[in-house]
Amino acid sequence: MSALDLNSDLGESFGAWRMGDDAAMLGIVSSANVACGFHAGDAAGILDTLRHAKAHGVAVGAHVSYPDLAGFGRRAMAMGSAELVADVIYQIGALQGLARAAGTSVRYVKPHGALYNAIAHDERQARDVIAAIRAIDDRLWLVGLAGSPLLGWARASGLRTVSEAYADRAYRADGTLVPRSEPGAVLHDAQAVAQRMLRLATHGEVEAIDGSMLRLQADSVFEMGIRDRGGGGRGAGPGSGERRGGEEGRNLGGAGYLKKKKKKLVAEG
């Protein structure tokens, strides 16, 4: 049976406002996309998440965003190149400093929300993000939507990439994600999500919202976690039991993928 890296968005609590259950998710995921303060997260909370990620052996990535705290980074923004490049460099640098203090390091970059969706197909903004990563640390991997042009642009620039699939988001037949504003965009049946990801791991395909089968080659799977499941318990979700540690790890940087410079995350397990 194939094993896929499992990643989730963490470090998004802000002051007295708690977002999700980072402690529970760090016992499940192999890679953590940690907020950098532009869409969510405060410095103390981010540092705490990084320390827990270190303790769990979970790889850390910079979850960079448009500067949109009020909209949680989900609103499209028409940013000029100079501003976007600087903002991405700023966020990665801030997280690198906090990670160093926590005894860990940033291994990859995964853009958040509207920025993630924009650069999947918008070449100008994609190249701005690529330029920012190369400017601050060209050893960082870039996580992007499986099948999107972004991955080719990044590889052509010399960056290493990770193709990502979504466990609990609906796909259109063209491989793009169904916008959150549309019905059925987010899947809530944990068993159905688990079966969906099992099919991806074993057959390399997922069912699109129109019923057609979409071929996807993915290295990592994103799981939203507890907060969009409508409950506050410590339930796992589809990745439960799939995380592997030590020498068998297949995360985005820790004991597996990046450290060993493996060319793919999917491996026989």
# chains A, B, ... in the order shown; residues from 1 in each chain; ligands from 1
call {"tool": "residues_around", "arguments": {"residues": "Phe38 (chain A)", "least_positions_apart": "5", "cutoff": "12 Å", "atoms": "only C-alpha atoms", "output": "PyMOL selection string"}}
result
chain A and resi 11-12+14+43+46+62-74+87-88+90-92+94-95+111-113+115
call {"tool": "write_last_selection", "arguments": {"atoms": "C-alpha atoms", "output": "compact mmCIF listing (two decimals), in the first residue's frame"}}
result
# COMPACT_ATOMS: atom_id res chain seq x y z
CA GLY A 11 -0.17 28.18 14.07
CA GLU A 12 -3.29 30.13 13.08
CA PHE A 14 -4.50 34.80 17.27
CA ALA A 43 4.37 35.47 17.31
CA ILE A 46 3.55 30.50 16.16
CA ALA A 62 6.16 28.67 5.71
CA HIS A 63 2.45 29.24 5.03
CA VAL A 64 2.79 32.61 3.32
CA SER A 65 -0.22 34.73 2.41
CA TYR A 66 -1.53 37.99 1.10
CA PRO A 67 -1.62 40.62 3.92
CA ASP A 68 -5.24 39.87 4.82
CA LEU A 69 -5.89 39.20 8.51
CA ALA A 70 -9.52 40.34 8.31
CA GLY A 71 -10.27 37.98 5.43
CA PHE A 72 -8.10 35.10 6.66
CA GLY A 73 -6.09 35.34 3.45
CA ARG A 74 -8.98 34.10 1.36
CA ASP A 87 5.95 40.32 1.55
CA VAL A 88 6.83 36.68 0.82
CA TYR A 90 9.38 38.96 4.96
CA GLN A 91 7.12 36.10 6.01
CA ILE A 92 9.64 33.35 5.28
CA ALA A 94 10.15 35.81 10.18
CA LEU A 95 9.26 32.13 10.38
CA PRO A 111 1.22 29.65 -0.05
CA HIS A 112 -2.15 30.05 1.65
CA GLY A 113 -5.71 30.62 0.47
CA LEU A 115 -2.47 33.39 -2.99
call {"tool": "select_by_dssp", "arguments": {"residues": "region 94-214 of chain A", "states": "helix (DSSP H, G or I)", "output": "JSON, numbers by chain"}}
result
{"A": [94, 95, 96, 97, 98, 99, 100, 101, 113, 114, 115, 116, 117, 118, 119, 123, 124, 125, 126, 127, 128, 129, 130, 131, 132, 133, 134, 135, 136, 149, 150, 151, 152, 153, 154, 155, 156, 157, 190, 191, 192, 193, 194, 195, 196, 197, 198, 199, 200, 201, 202, 203]}
call {"tool": "closest_residue", "arguments": {"among": "A:Gly57, A:Gly80, A:Gly15, A:Gly45", "to": "Ala32 (chain A)", "atoms": "only C-alpha atoms"}}
result
A:Gly57
call {"tool": "residues_around", "arguments": {"residues": "Arg172 (chain A)", "least_positions_apart": "3", "cutoff": "7 Å", "atoms": "only C-alpha atoms", "output": "ChimeraX atom specification"}}
result
/A:175-178,208-209
call {"tool": "select_by_dssp", "arguments": {"residues": "region 131-247 of chain A", "states": "strand (DSSP E or B)", "output": "PyMOL selection string"}}
result
chain A and resi 141-145+160-166+169+171+177+186+205-207+213-215+220-222
call {"tool": "atom_distance", "arguments": {"atom1": "CA of Ala146 (chain A)", "atom2": "CA of Glu164 (chain A)"}}
result
5.0 Å
call {"tool": "residues_around", "arguments": {"residues": "Ser8 (chain A)", "least_positions_apart": "3", "cutoff": "7 Å", "atoms": "only C-alpha atoms", "output": "PDB file with N, CA and C atoms, in the first residue's frame"}}
result
ATOM      1  N   VAL A  29      -0.157  14.599  11.489  1.00  0.00           N
ATOM      2  CA  VAL A  29       0.487  15.011  10.244  1.00  0.00           C
ATOM      3  C   VAL A  29       1.983  14.743  10.266  1.00  0.00           C
ATOM      4  N   SER A  31       3.845  16.923   8.109  1.00  0.00           N
ATOM      5  CA  SER A  31       4.344  18.240   7.722  1.00  0.00           C
ATOM      6  C   SER A  31       3.355  19.309   8.144  1.00  0.00           C
ATOM      7  N   ALA A  32       3.874  20.414   8.710  1.00  0.00           N
ATOM      8  CA  ALA A  32       3.027  21.491   9.228  1.00  0.00           C
ATOM      9  C   ALA A  32       3.264  22.777   8.455  1.00  0.00           C
ATOM     10  N   ASN A  33       2.190  23.299   7.850  1.00  0.00           N
ATOM     11  CA  ASN A  33       2.242  24.588   7.167  1.00  0.00           C
ATOM     12  C   ASN A  33       1.941  25.648   8.223  1.00  0.00           C
ATOM     13  N   PHE A 222      -3.290  17.385   1.677  1.00  0.00           N
ATOM     14  CA  PHE A 222      -3.671  18.386   2.669  1.00  0.00           C
ATOM     15  C   PHE A 222      -4.955  17.979   3.358  1.00  0.00           C
ATOM     16  N   GLU A 223      -4.954  18.076   4.684  1.00  0.00           N
ATOM     17  CA  GLU A 223      -6.139  17.805   5.490  1.00  0.00           C
ATOM     18  C   GLU A 223      -6.434  19.033   6.341  1.00  0.00           C
ATOM     19  N   MET A 224      -7.635  19.594   6.190  1.00  0.00           N
ATOM     20  CA  MET A 224      -7.991  20.811   6.912  1.00  0.00           C
ATOM     21  C   MET A 224      -7.941  20.627   8.413  1.00  0.00           C
ATOM     22  N   GLY A 225      -8.286  19.446   8.891  1.00  0.00           N
ATOM     23  CA  GLY A 225      -8.228  19.225  10.328  1.00  0.00           C
ATOM     24  C   GLY A 225      -9.569  19.417  10.995  1.00  0.00           C
TER      25      GLY A 225
END
call {"tool": "atom_distance", "arguments": {"atom1": "CA of Leu50 (chain A)", "atom2": "CA of Asn7 (chain A)"}}
result
14.3 Å
call {"tool": "residues_around", "arguments": {"residues": "region 152-158 of chain A", "least_positions_apart": "5", "cutoff": "12 Å", "atoms": "only C-alpha atoms", "output": "ChimeraX atom specification"}}
result
/A:109,119-135,137-147,163
call {"tool": "atom_distance", "arguments": {"atom1": "CA of Ala16 (chain A)", "atom2": "CA of Gly61 (chain A)"}}
result
24.1 Å
